[in-house]
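Quick look at query-v1.tsv (TSV, C-alpha atoms and all ligand atoms):
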chain	number	residue	atom	x	y	z
R	232	MET	CA	89.34	85.45	125.84
R	233	SER	CA	92.28	83.17	126.25
R	234	THR	CA	95.06	83.53	128.72
R	235	THR	CA	98.60	82.79	127.76
R	236	ASP	CA	101.94	81.95	129.25
R	237	ASN	CA	105.47	81.61	128.01
R	238	SER	CA	105.02	77.95	127.25
R	239	GLN	CA	102.40	78.54	124.59
R	240	VAL	CA	103.91	78.50	121.14
R	241	ASP	CA	101.32	77.70	118.50
R	242	ALA	CA	102.97	77.25	115.13
R	243	GLY	CA	100.25	75.18	113.49
R	244	ASP	CA	98.61	75.69	110.11
R	245	PRO	CA	97.13	79.12	109.46
R	246	PRO	CA	93.33	79.42	109.63
R	247	ASP	CA	91.52	79.46	106.31
R	248	GLU	CA	89.26	82.05	104.70
R	249	ALA	CA	86.05	80.36	105.83
R	250	ALA	CA	87.27	80.42	109.41
R	251	ALA	CA	87.88	84.16	109.11
R	252	THR	CA	84.31	84.75	107.93
R	253	THR	CA	82.84	82.67	110.72
R	254	GLN	CA	85.05	84.41	113.20
R	255	ARG	CA	83.84	87.81	112.01
R	256	ASP	CA	80.21	86.76	112.38
R	257	THR	CA	80.89	85.38	115.83
R	258	VAL	CA	82.67	88.52	117.00
R	259	GLU	CA	79.75	90.71	115.96
R	260	GLU	CA	77.13	88.37	117.44
R	261	ASP	CA	78.95	88.01	120.75
R	262	ARG	CA	79.49	91.68	121.20
R	263	GLU	CA	77.73	92.76	124.38
R	264	GLU	CA	78.37	96.47	124.68
R	265	SER	CA	80.63	99.26	123.55
R	266	VAL	CA	83.66	100.29	125.55
R	267	GLU	CA	83.63	103.69	127.27
R	268	LEU	CA	86.61	105.52	125.85
R	269	ASP	CA	87.68	109.05	126.74
R	270	VAL	CA	91.34	108.26	127.19
R	271	LEU	CA	92.87	104.98	126.12
R	272	ASP	CA	96.23	103.78	127.40
R	273	VAL	CA	98.31	102.18	124.67
R	274	PHE	CA	101.16	99.97	125.82
R	275	TRP	CA	103.82	99.63	123.14
R	276	LEU	CA	105.96	96.55	123.73
R	277	ALA	CA	109.28	96.34	121.92
R	278	GLY	CA	110.48	92.92	120.84
R	279	GLU	CA	113.24	92.05	118.41
R	280	GLY	CA	113.17	94.83	115.85
R	281	CYS	CA	114.87	97.94	114.56
R	282	ASP	CA	112.30	100.58	115.68
R	283	GLY	CA	111.54	101.26	112.01
R	284	CYS	CA	107.83	100.69	112.65
R	285	SER	CA	107.82	103.46	115.25
R	286	ILE	CA	109.46	105.77	112.73
R	287	SER	CA	106.82	104.87	110.15
R	288	VAL	CA	104.01	105.65	112.56
R	289	LEU	CA	105.56	109.01	113.38
R	290	GLY	CA	105.29	109.83	109.67
R	291	ALA	CA	101.61	108.91	109.35
R	292	THR	CA	99.30	111.71	108.27
R	293	ASN	CA	95.89	110.20	107.86
R	294	PRO	CA	95.34	110.77	110.75
R	295	GLY	CA	98.70	111.73	112.22
R	296	ILE	CA	99.78	110.10	115.46
R	297	GLU	CA	99.89	113.55	117.05
R	298	ASP	CA	96.19	113.93	116.20
R	299	LEU	CA	95.42	110.70	118.04
R	300	LEU	CA	97.58	111.66	121.02
R	301	SER	CA	95.97	115.08	121.30
R	302	GLY	CA	92.44	113.71	120.91
R	303	SER	CA	91.72	116.06	118.03
R	304	VAL	CA	90.03	113.49	115.77
R	305	PRO	CA	86.25	113.62	116.24
R	306	HIS	CA	84.77	110.51	117.88
R	307	LEU	CA	88.16	109.04	118.70
R	308	PRO	CA	89.50	108.95	122.25
R	309	THR	CA	92.72	110.59	123.31
R	310	LEU	CA	95.51	108.05	123.23
R	311	ASP	CA	97.96	107.93	126.13
R	312	LEU	CA	100.93	106.22	124.50
R	313	HIS	CA	103.40	104.38	126.69
R	314	HIS	CA	106.27	103.84	124.27
R	315	PRO	CA	109.71	102.76	125.52
R	316	VAL	CA	111.45	105.41	123.43
R	317	LEU	CA	108.88	108.17	123.04
R	318	ALA	CA	107.38	108.27	126.54
R	319	PHE	CA	107.87	111.32	128.76
R	320	GLU	CA	108.10	109.13	131.84
R	321	TRP	CA	111.09	106.96	132.50
R	322	GLY	CA	112.39	104.54	135.13
R	323	ASP	CA	109.97	103.69	137.94
R	324	ASP	CA	107.35	106.17	136.74
R	325	TYR	CA	107.23	104.44	133.36
R	326	MET	CA	107.08	100.95	134.86
R	327	GLU	CA	104.43	101.89	137.41
R	328	VAL	CA	101.82	102.44	134.69
R	329	LEU	CA	102.52	99.06	133.11
R	330	GLN	CA	102.24	97.44	136.50
R	331	GLU	CA	98.88	99.14	137.13
R	332	ALA	CA	97.58	97.87	133.79
R	333	ALA	CA	98.79	94.35	134.55
R	334	ASN	CA	96.92	94.58	137.88
R	335	GLY	CA	93.72	95.56	136.07
R	336	GLU	CA	93.79	99.15	137.35
R	337	ARG	CA	93.93	100.95	134.00
R	338	ASP	CA	91.17	99.37	131.94
R	339	PRO	CA	90.53	99.83	129.11
R	340	TYR	CA	93.85	99.72	127.34
R	341	ALA	CA	95.37	98.46	124.10
R	342	VAL	CA	98.63	96.64	123.40
R	343	VAL	CA	100.89	97.20	120.41
R	344	VAL	CA	103.77	94.82	119.72
R	345	GLU	CA	106.71	95.96	117.59
R	346	GLY	CA	109.45	93.44	116.83
R	347	SER	CA	109.33	89.68	116.98
R	348	VAL	CA	108.76	87.66	120.13
R	349	PRO	CA	111.75	85.63	121.30
R	350	ASN	CA	111.37	82.11	122.61
R	351	GLU	CA	112.59	82.63	126.16
R	352	ARG	CA	112.18	78.94	126.93
R	353	LEU	CA	115.38	78.38	125.00
R	354	ILE	CA	117.24	80.09	127.82
R	355	ALA	CA	115.54	79.83	131.15
R	356	GLY	CA	112.00	78.60	131.17
R	357	ASP	CA	109.89	80.24	133.85
R	358	SER	CA	111.98	83.23	134.91
R	359	ALA	CA	114.71	85.55	133.72
R	360	GLU	CA	117.11	84.62	136.52
R	361	ASP	CA	119.22	82.50	134.21
R	362	GLY	CA	119.17	84.91	131.32
R	363	TYR	CA	116.79	86.44	128.83
R	364	TRP	CA	116.60	87.82	125.33
R	365	ILE	CA	114.55	90.99	125.90
R	366	ALA	CA	113.45	92.63	129.14
R	367	LEU	CA	111.67	95.77	130.30
R	368	GLY	CA	112.09	96.85	133.92
R	369	GLU	CA	112.50	94.66	137.00
R	370	ASP	CA	110.25	92.85	139.42
R	371	GLU	CA	110.19	93.54	143.17
R	372	ASP	CA	113.16	91.20	143.66
R	373	GLY	CA	115.26	93.07	141.12
R	374	ASN	CA	114.96	90.39	138.45
R	375	PRO	CA	114.47	91.55	134.86
R	376	MET	CA	110.88	91.48	133.60
R	377	ARG	CA	110.97	89.93	130.15
R	378	MET	CA	109.07	91.33	127.22
R	379	VAL	CA	107.11	88.06	127.03
R	380	ASP	CA	106.15	88.42	130.72
R	381	TRP	CA	104.54	91.77	129.95
R	382	LEU	CA	102.85	90.35	126.88
R	383	ASP	CA	101.45	87.46	128.93
R	384	ARG	CA	100.12	89.85	131.56
R	385	LEU	CA	98.73	92.59	129.32
R	386	ALA	CA	97.36	90.82	126.25
R	387	PRO	CA	94.41	89.05	127.95
R	388	GLY	CA	92.97	92.33	129.27
R	389	ALA	CA	93.63	94.44	126.18
R	390	VAL	CA	90.75	95.91	124.21
R	391	VAL	CA	92.81	94.94	121.20
R	392	THR	CA	96.32	93.65	120.58
R	393	ILE	CA	97.93	94.95	117.40
R	394	ALA	CA	101.15	93.62	115.89
R	395	ILE	CA	102.90	96.26	113.81
R	396	GLY	CA	105.51	95.36	111.21
R	397	THR	CA	106.60	92.05	109.77
R	398	CYS	CA	108.75	91.11	112.79
R	399	ALA	CA	105.79	91.40	115.16
R	400	THR	CA	103.31	89.82	112.75
R	401	TRP	CA	105.22	86.87	111.31
R	402	GLY	CA	108.69	86.93	112.87
R	403	GLY	CA	110.36	88.80	110.00
R	404	VAL	CA	114.10	89.26	109.78
R	405	PRO	CA	114.84	88.14	113.37
R	406	ALA	CA	113.08	84.84	112.56
R	407	ALA	CA	115.10	84.21	109.38
R	408	LYS	CA	116.91	80.92	109.02
R	409	GLY	CA	119.64	80.48	111.60
R	410	ASN	CA	118.17	82.89	114.15
R	411	ALA	CA	119.35	82.14	117.66
R	412	THR	CA	116.26	83.26	119.55
R	413	ASP	CA	113.62	81.13	117.79
R	414	ALA	CA	111.85	84.42	117.09
R	415	MET	CA	108.19	84.34	116.10
R	416	GLY	CA	105.21	86.57	115.43
R	417	THR	CA	102.77	87.73	118.13
R	418	MET	CA	99.96	85.53	116.80
R	419	ASP	CA	102.19	82.47	116.93
R	420	TYR	CA	103.22	83.34	120.47
R	421	LEU	CA	99.79	84.17	121.93
R	422	GLY	CA	98.10	81.36	120.03
R	423	ARG	CA	95.62	81.46	117.17
R	424	ASP	CA	92.73	81.23	119.63
R	425	TYR	CA	93.78	84.38	121.47
R	426	ARG	CA	90.96	86.90	121.70
R	427	SER	CA	91.10	90.43	123.08
R	428	VAL	CA	88.38	91.99	125.23
R	429	LEU	CA	86.62	92.98	121.99
R	430	GLY	CA	86.76	89.35	120.87
R	431	LEU	CA	89.38	90.03	118.23
R	432	PRO	CA	92.44	87.96	117.32
R	433	VAL	CA	95.81	89.66	117.08
R	434	VAL	CA	95.36	92.36	114.43
R	435	ASN	CA	98.32	92.22	112.06
R	436	VAL	CA	99.65	95.23	110.15
R	437	PRO	CA	102.75	93.84	108.38
R	438	GLY	CA	105.48	95.58	106.41
R	439	CYS	CA	109.22	96.10	106.80
R	440	ALA	CA	108.75	98.86	107.65
R	441	PRO	CA	104.95	99.15	107.35
R	442	VAL	CA	103.15	102.10	105.87
R	443	GLY	CA	102.49	104.30	108.90
R	444	ASP	CA	99.06	105.29	107.61
R	445	ASN	CA	98.07	101.61	107.38
R	446	PHE	CA	98.63	101.37	111.12
R	447	VAL	CA	96.92	104.57	112.30
R	448	GLU	CA	93.99	103.95	109.97
R	449	THR	CA	93.56	100.46	111.43
R	450	VAL	CA	93.75	101.87	114.95
R	451	ALA	CA	91.14	104.49	114.10
R	452	HIS	CA	88.78	101.85	112.68
R	453	LEU	CA	89.21	99.65	115.75
R	454	LEU	CA	88.52	102.55	118.11
R	455	LEU	CA	85.33	103.46	116.25
R	456	TYR	CA	84.26	99.83	116.49
R	457	ALA	CA	85.13	99.68	120.19
R	458	GLN	CA	82.72	102.55	120.83
R	459	ASP	CA	80.05	101.01	118.61
R	460	ILE	CA	80.28	103.95	116.22
R	461	GLY	CA	81.73	102.03	113.29
R	462	PRO	CA	81.44	98.46	111.95
R	463	LEU	CA	83.86	95.69	112.80
R	464	PRO	CA	86.90	96.22	110.58
R	465	GLU	CA	87.13	93.34	108.16
R	466	LEU	CA	90.16	91.15	108.82
R	467	ASP	CA	91.41	88.32	106.66
R	468	GLU	CA	92.22	84.82	107.87
R	469	LEU	CA	95.61	86.03	109.13
R	470	GLY	CA	94.23	89.00	111.03
R	471	ARG	CA	95.24	91.57	108.39
R	472	PRO	CA	92.91	94.48	107.59
R	473	LYS	CA	91.33	93.17	104.42
R	474	TRP	CA	90.86	96.52	102.76
R	475	LEU	CA	94.61	97.18	103.05
R	476	PHE	CA	96.06	93.77	102.23
R	477	GLY	CA	93.43	92.19	99.99
R	478	GLU	CA	95.10	93.04	96.67
R	479	THR	CA	98.49	92.18	95.23
R	480	VAL	CA	101.15	94.81	94.65
R	481	HIS	CA	100.98	94.09	90.92
R	482	ARG	CA	97.33	95.09	90.59
R	483	ASN	CA	98.05	98.68	91.54
R	484	CYS	CA	101.61	99.04	90.28
R	485	GLU	CA	102.17	101.95	87.95
R	486	ARG	CA	104.47	99.71	85.89
R	487	GLY	CA	101.67	97.21	85.26
R	488	SER	CA	101.04	98.39	81.71
R	489	TYR	CA	104.65	97.54	80.81
R	490	TYR	CA	104.11	94.02	82.14
R	491	GLU	CA	100.94	93.68	80.12
R	492	GLU	CA	102.75	94.70	76.93
R	493	GLY	CA	105.69	92.42	77.70
R	494	VAL	CA	108.24	95.21	78.19
R	495	PHE	CA	110.71	94.47	80.97
R	496	ALA	CA	113.60	96.35	82.52
R	497	GLU	CA	117.03	94.84	82.02
R	498	GLU	CA	118.75	97.12	84.50
R	499	TYR	CA	117.84	99.37	87.41
R	500	GLY	CA	116.89	102.93	86.64
R	501	SER	CA	114.42	101.88	83.96
R	502	GLU	CA	110.77	102.91	84.08
R	503	LYS	CA	109.72	99.46	82.81
R	504	CYS	CA	108.39	96.45	84.70
R	505	LEU	CA	110.93	94.99	87.12
R	506	VAL	CA	109.76	91.39	87.19
R	507	GLU	CA	112.81	90.05	85.37
R	508	LEU	CA	115.02	91.77	87.91
R	509	GLY	CA	113.31	89.91	90.73
R	510	CYS	CA	110.03	91.70	91.50
R	511	TRP	CA	107.57	89.56	93.52
R	512	GLY	CA	104.69	92.03	93.11
R	513	PRO	CA	102.34	89.67	91.23
R	514	VAL	CA	102.00	87.40	94.28
R	515	VAL	CA	102.52	89.75	97.24
R	516	LYS	CA	99.69	91.28	99.26
R	517	CYS	CA	100.50	94.92	99.91
R	518	ASN	CA	98.97	98.31	99.14
R	519	MET	CA	102.22	100.25	98.76
R	520	PRO	CA	101.74	101.24	95.09
R	521	SER	CA	98.36	102.85	95.77
R	522	ARG	CA	98.97	104.30	99.22
R	523	ARG	CA	102.66	105.03	98.74
R	524	ASN	CA	105.14	105.34	101.54
R	525	LEU	CA	104.54	108.61	103.31
R	526	ASP	CA	101.70	111.03	102.82
R	527	GLY	CA	101.12	109.79	99.26
R	528	VAL	CA	104.79	110.08	98.30
R	529	GLY	CA	107.37	107.37	97.50
R	530	GLY	CA	106.76	103.63	97.59
R	531	CYS	CA	108.88	100.78	96.30
R	532	MET	CA	108.22	100.59	92.55
R	533	ASN	CA	107.41	104.30	92.39
R	534	VAL	CA	110.99	105.14	93.31
R	535	GLY	CA	112.66	102.42	91.25
R	536	GLY	CA	112.75	99.48	93.66
R	537	LYS	CA	111.19	96.08	93.14
R	538	CYS	CA	108.92	94.25	95.55
R	539	ILE	CA	110.76	91.81	97.82
R	540	GLY	CA	107.65	90.61	99.64
R	541	CYS	CA	108.31	92.33	102.96
R	542	THR	CA	104.68	92.15	104.11
R	543	MET	CA	104.42	88.39	103.67
R	544	PRO	CA	104.60	85.65	106.33
R	545	GLY	CA	107.45	83.94	104.45
R	546	PHE	CA	109.63	87.05	104.43
R	547	PRO	CA	112.61	87.05	104.19
R	548	ASP	CA	113.54	83.40	103.66
R	549	LYS	CA	110.95	82.61	101.00
R	550	PHE	CA	111.88	85.69	98.95
R	551	THR	CA	115.65	85.33	98.82
R	552	PRO	CA	117.92	85.68	96.96
R	553	TYR	CA	116.44	89.11	96.22
R	554	PHE	CA	118.33	89.64	92.99
R	555	LYS	CA	117.07	86.58	91.17
R	556	ARG	CA	113.90	86.20	89.19
R	557	PRO	CA	111.07	84.62	91.20
R	558	PRO	CA	110.17	81.09	90.09
R	559	GLY	CA	107.45	81.13	87.45
R	560	THR	CA	108.58	84.46	86.07
R	561	LEU	CA	110.08	82.81	83.00
R	562	ILE	CA	106.69	81.40	81.99
R	563	SER	CA	104.58	84.45	82.80
R	564	SER	CA	106.96	87.07	81.38
R	565	SER	CA	107.60	84.98	78.23
R	566	GLY	CA	103.84	84.78	77.72
R	567	SER	CA	103.56	88.55	78.20
R	568	LYS	CA	106.38	89.15	75.73
R	569	LEU	CA	104.77	86.97	73.08
R	570	LEU	CA	101.29	88.41	73.41
R	571	GLY	CA	102.62	91.89	74.17
R	572	SER	CA	104.61	92.09	70.93
R	573	VAL	CA	101.37	91.59	68.96
R	574	VAL	CA	99.32	93.88	71.18
R	575	ARG	CA	101.94	96.65	71.01
R	576	ARG	CA	101.96	96.64	67.20
R	577	LEU	CA	98.17	96.72	67.00
R	578	ARG	CA	98.06	99.53	69.51
R	579	GLN	CA	100.67	101.52	67.58
R	580	ILE	CA	98.49	101.33	64.49
R	581	THR	CA	95.50	102.49	66.50
R	582	ILE	CA	97.50	105.26	68.16
R	583	GLU	CA	98.61	106.61	64.78
R	584	ASN	CA	95.02	106.52	63.60
R	585	GLN	CA	93.57	108.15	66.69
R	586	ASP	CA	96.23	110.84	67.00
R	587	ARG	CA	94.52	112.97	64.32
R	588	GLU	CA	91.52	115.23	64.07
R	589	VAL	CA	88.62	113.72	62.18
R	590	ARG	CA	88.46	116.53	59.61
R	591	TRP	CA	92.12	116.06	58.67
R	592	ASP	CA	91.19	112.79	57.11
R	593	GLU	CA	87.85	113.73	55.57
R	594	SER	CA	87.56	113.96	51.84
R	595	PRO	CA	86.19	117.50	51.14
R	596	GLY	CA	82.57	117.58	49.97
R	597	LEU	CA	81.14	119.70	47.09
R	598	GLU	CA	80.51	122.76	49.27
R	599	GLU	CA	84.02	122.55	50.70
R	600	ARG	CA	85.56	122.29	47.24
R	601	ALA	CA	83.59	125.36	46.14
R	602	TYR	CA	84.73	127.26	49.18
R	603	GLN	CA	88.35	126.39	48.54
R	604	TRP	CA	88.01	127.39	44.90
R	605	LEU	CA	86.51	130.76	45.82
R	606	LEU	CA	89.13	131.29	48.50
R	607	LYS	CA	91.91	130.80	45.99
R	608	ARG	CA	90.29	133.31	43.64
R	609	GLY	CA	90.25	136.02	46.36
R	610	SER	CA	86.46	136.06	46.52
R	611	ASN	CA	84.49	137.94	49.22
R	612	TYR	CA	82.99	134.63	50.19
R	613	ASP	CA	82.92	134.19	54.01
R	614	THR	CA	86.59	133.38	54.48
R	615	GLY	CA	86.25	133.14	58.30
R	616	ARG	CA	84.50	129.86	57.86
R	617	GLY	CA	86.90	126.99	58.25
R	618	ALA	CA	89.86	129.28	58.90
R	619	ASP	CA	90.75	127.29	62.00
R	620	ARG	CA	91.25	123.97	60.22
R	621	GLY	CA	94.05	121.61	60.98
R	622	PRO	CA	97.31	121.37	59.08
R	623	LYS	CA	96.67	123.29	55.83
R	624	GLY	CA	98.39	120.86	53.62
R	625	GLU	CA	96.31	118.00	55.00
R	626	ALA	CA	92.98	119.70	54.38
R	627	ASP	CA	93.87	121.01	50.92
R	701	LIG	S1	107.32	96.06	88.72
R	701	LIG	FE1	106.54	94.25	89.86
R	701	LIG	S2	104.54	94.87	90.65
R	701	LIG	FE2	105.12	96.35	89.07
R	701	LIG	S3	104.18	95.58	87.18
R	701	LIG	FE3	106.24	94.73	87.26
R	701	LIG	S4	105.99	92.73	88.28
R	701	LIG	FE4	104.14	93.91	88.69
R	702	LIG	S1	105.71	96.63	97.62
R	702	LIG	FE1	106.74	94.75	98.30
R	702	LIG	S2	108.73	95.41	99.12
R	702	LIG	FE2	107.40	97.23	98.96
R	702	LIG	S3	106.41	97.43	100.99
R	702	LIG	FE3	105.03	96.20	99.71
R	702	LIG	S4	105.61	94.07	100.10
R	702	LIG	FE4	107.29	95.36	100.84
Mind turning this structure into C-alpha cells?
Amino acid sequence: MSTTDNSQVDAGDPPDEAAATTQRDTVEEDREESVELDVLDVFWLAGEGCDGCSISVLGATNPGIEDLLSGSVPHLPTLDLHHPVLAFEWGDDYMEVLQEAANGERDPYAVVVEGSVPNERLIAGDSAEDGYWIALGEDEDGNPMRMVDWLDRLAPGAVVTIAIGTCATWGGVPAAKGNATDAMGTMDYLGRDYRSVLGLPVVNVPGCAPVGDNFVETVAHLLLYAQDIGPLPELDELGRPKWLFGETVHRNCERGSYYEEGVFAEEYGSEKCLVELGCWGPVVKCNMPSRRNLDGVGGCMNVGGKCIGCTMPGFPDKFTPYFKRPPGTLISSSGSKLLGSVVRRLRQITIENQDREVRWDESPGLEERAYQWLLKRGSNYDTGRGADRGPKGEAD
C-alpha cells in the first residue's frame, strides 16, 4: 500500500496489458485473508463534477443502490453511504464520521471519488489558508479541509478506492484544454502504484455519465472478492472492469449491420449507421449498446445519438469537434460502401429466393398432376390432400 500527499502527481505513461496481468496474479498471490464485512462505510468524495454520476447510481437496478444500502443482497454487506448530498447527517455529525475513518477508527471502509481532482498546489501548496479549489468541512483551527486532504487521508486505508465517471477516472470535462485547476483523474493523483488494503489499484468506472449498473455491479464484485466469496474482478491495464469495457461500442451496436452493408445516415433521425455524422463507436471501449442506459432502456445509438467517446481517457479533447467525421472514417466507410453495395445486391437475390415456400417452386410430379386433373373434373378423389397449398396460381 502506498501513501500519498498533495505533491504526488503521476502523469506518466499508462501501464501496459502485460503489467495488468502480472498485477492481477500478484494481487491474488499476496492476498492474506478476507475482510470481515457486516457493514461497510463508503465515503463518497466529490471533486470537480456535475453530480451526474450520483444520479446514474440512483437509477441502477442490478442491484439497486437501495438494495446495497439495506443489506438485502445475499452475501453482500450493508453499505453505510456517506455522500455529501444524500447523507442524513450534516454539519459536524457528517464530518465526525470522516474524521473517525481518517483516524483509523472505522475500518474497514471504501472510498468513492466522483469528479476530477484539482491540483491544489497551483494555489497554496500545503494548506488551504491561501485558497483552495474544493473543500469539505474545516479542521480544528477553522481552516477548510480540501477534498485532496481527505483523499490523502482516506485512500491508503480503504479496502478499495473506486473512481466513478470520466472526471474522476481520467479528468474528463474539467480537465479539458484551458482548464484553470489542472484537473486530473484519481489514478493520476494517487499515483499508478497506489494500492488499497485489498492490494488493488484505483478501480475505474468511466462514463459521462456512467451506466449506473456498471458501477453497482463492480462494487458487488469487489465486495464478494473482499469476503473471499468471489474471484478477483478482472481489471484491464487502466483499472477498468474488463468484462464491462473490453469491447468497442461498435461490436454491440444495433446499427452495425448498416455499417457492414455500407449504408450510412446523412442526417439525424435516421436508423442507419451514424459514422459519417461523427460516431466514434468503432474505437471506443464502452458497453452502452448492450447494457443500455437505465434498466435495459435507452443508450446512445439506441435513441439516435452517436458515440462521442465519453468513457475514454482522451475525452473530451481527443473527440472534438463532435460534429465532424472521425479521422479514418473516409477510408473505412468508403470500403464498406464499395463492398456493401455488392453484398447488398447478392443478399437481395438470396432474400427473394428464400422468401418462398419450397413447394411453391416445385414442378408438380406425376401423382400431383393426376390429382389436379381429377380435382378439376369434380372427382371424389381425396380433395383434402394438398388443400392447404401456397398461392394457388403458383402451384397450378
Ligand atoms: S452508429 Fe457508430 S457504433 Fe453504431 S454501427 Fe455505426 S459506427 Fe458503429
Ligand atoms: S456509447 Fe459512446 S457516447 Fe455513449 S456512453 Fe458509451 S462512450 Fe459515451
Self-check item: Spatial neighbours of Pro305 of chain R, max dist 12 Å, all atoms listed in the file, sep filter under 2 positions, as a PyMOL selection string
Solution: chain R and resi 269+294+298-299+301-303+307-309+451+454-455+460
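Non-sequential neighbours of Pro520 of chain R (distance at most 9 Å, separation of 3 or more positions within a chain, only C-alpha atoms) are Val480, His481, Arg482, Asn483, Cys484, Glu485, Cys517, Arg523, Asn524, Gly529, Gly530, Cys531, Met532 and Asn533 of chain R.
Closest approach to Gly512 of chain R among R:Pro437, R:Pro544, R:Val528, R:Arg556: R:Arg556, based on all atoms listed in the file.
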Compute the set of protein, DNA and RNA residues whose minimum atom distance to ligand LIG 701 (chain R) is at most 9 Å, using only C-alpha atoms and all ligand atoms, and state it as an mmCIF file with C-alpha atoms, keeping the file's coordinate frame.
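Generated output (pocket.cif):
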data_model
loop_
_atom_site.group_PDB
_atom_site.id
_atom_site.type_symbol
_atom_site.label_atom_id
_atom_site.label_comp_id
_atom_site.auth_asym_id
_atom_site.auth_seq_id
_atom_site.Cartn_x
_atom_site.Cartn_y
_atom_site.Cartn_z
ATOM 1 C CA THR R 479 98.490 92.180 95.230
ATOM 2 C CA VAL R 480 101.150 94.810 94.650
ATOM 3 C CA HIS R 481 100.980 94.090 90.920
ATOM 4 C CA ARG R 482 97.330 95.090 90.590
ATOM 5 C CA ASN R 483 98.050 98.680 91.540
ATOM 6 C CA CYS R 484 101.610 99.040 90.280
ATOM 7 C CA GLU R 485 102.170 101.950 87.950
ATOM 8 C CA ARG R 486 104.470 99.710 85.890
ATOM 9 C CA GLY R 487 101.670 97.210 85.260
ATOM 10 C CA SER R 488 101.040 98.390 81.710
ATOM 11 C CA TYR R 489 104.650 97.540 80.810
ATOM 12 C CA TYR R 490 104.110 94.020 82.140
ATOM 13 C CA GLU R 491 100.940 93.680 80.120
ATOM 14 C CA PHE R 495 110.710 94.470 80.970
ATOM 15 C CA ALA R 496 113.600 96.350 82.520
ATOM 16 C CA GLU R 502 110.770 102.910 84.080
ATOM 17 C CA LYS R 503 109.720 99.460 82.810
ATOM 18 C CA CYS R 504 108.390 96.450 84.700
ATOM 19 C CA LEU R 505 110.930 94.990 87.120
ATOM 20 C CA VAL R 506 109.760 91.390 87.190
ATOM 21 C CA GLU R 507 112.810 90.050 85.370
ATOM 22 C CA LEU R 508 115.020 91.770 87.910
ATOM 23 C CA GLY R 509 113.310 89.910 90.730
ATOM 24 C CA CYS R 510 110.030 91.700 91.500
ATOM 25 C CA TRP R 511 107.570 89.560 93.520
ATOM 26 C CA GLY R 512 104.690 92.030 93.110
ATOM 27 C CA PRO R 513 102.340 89.670 91.230
ATOM 28 C CA VAL R 514 102.000 87.400 94.280
ATOM 29 C CA VAL R 515 102.520 89.750 97.240
ATOM 30 C CA PRO R 520 101.740 101.240 95.090
ATOM 31 C CA MET R 532 108.220 100.590 92.550
ATOM 32 C CA ASN R 533 107.410 104.300 92.390
ATOM 33 C CA GLY R 535 112.660 102.420 91.250
ATOM 34 C CA GLY R 536 112.750 99.480 93.660
ATOM 35 C CA LYS R 537 111.190 96.080 93.140
ATOM 36 C CA CYS R 538 108.920 94.250 95.550
ATOM 37 C CA THR R 560 108.580 84.460 86.070
ATOM 38 C CA SER R 564 106.960 87.070 81.380
#
What are the closest atom pairs, with distances in Å to one decimal, for all residues of segment 549-597 of chain R lying within 12 Å of segment 391-407 of chain R? Consider all atoms listed in the file, order rows by chain and residue number, and present the result as JSON lines.
{"residue": "R:Lys549", "atom": "CA", "partner": "R:Ala407", "partner_atom": "CA", "distance": 9.5}
{"residue": "R:Phe550", "atom": "CA", "partner": "R:Ala407", "partner_atom": "CA", "distance": 11.0}
{"residue": "R:Thr551", "atom": "CA", "partner": "R:Ala407", "partner_atom": "CA", "distance": 10.6}
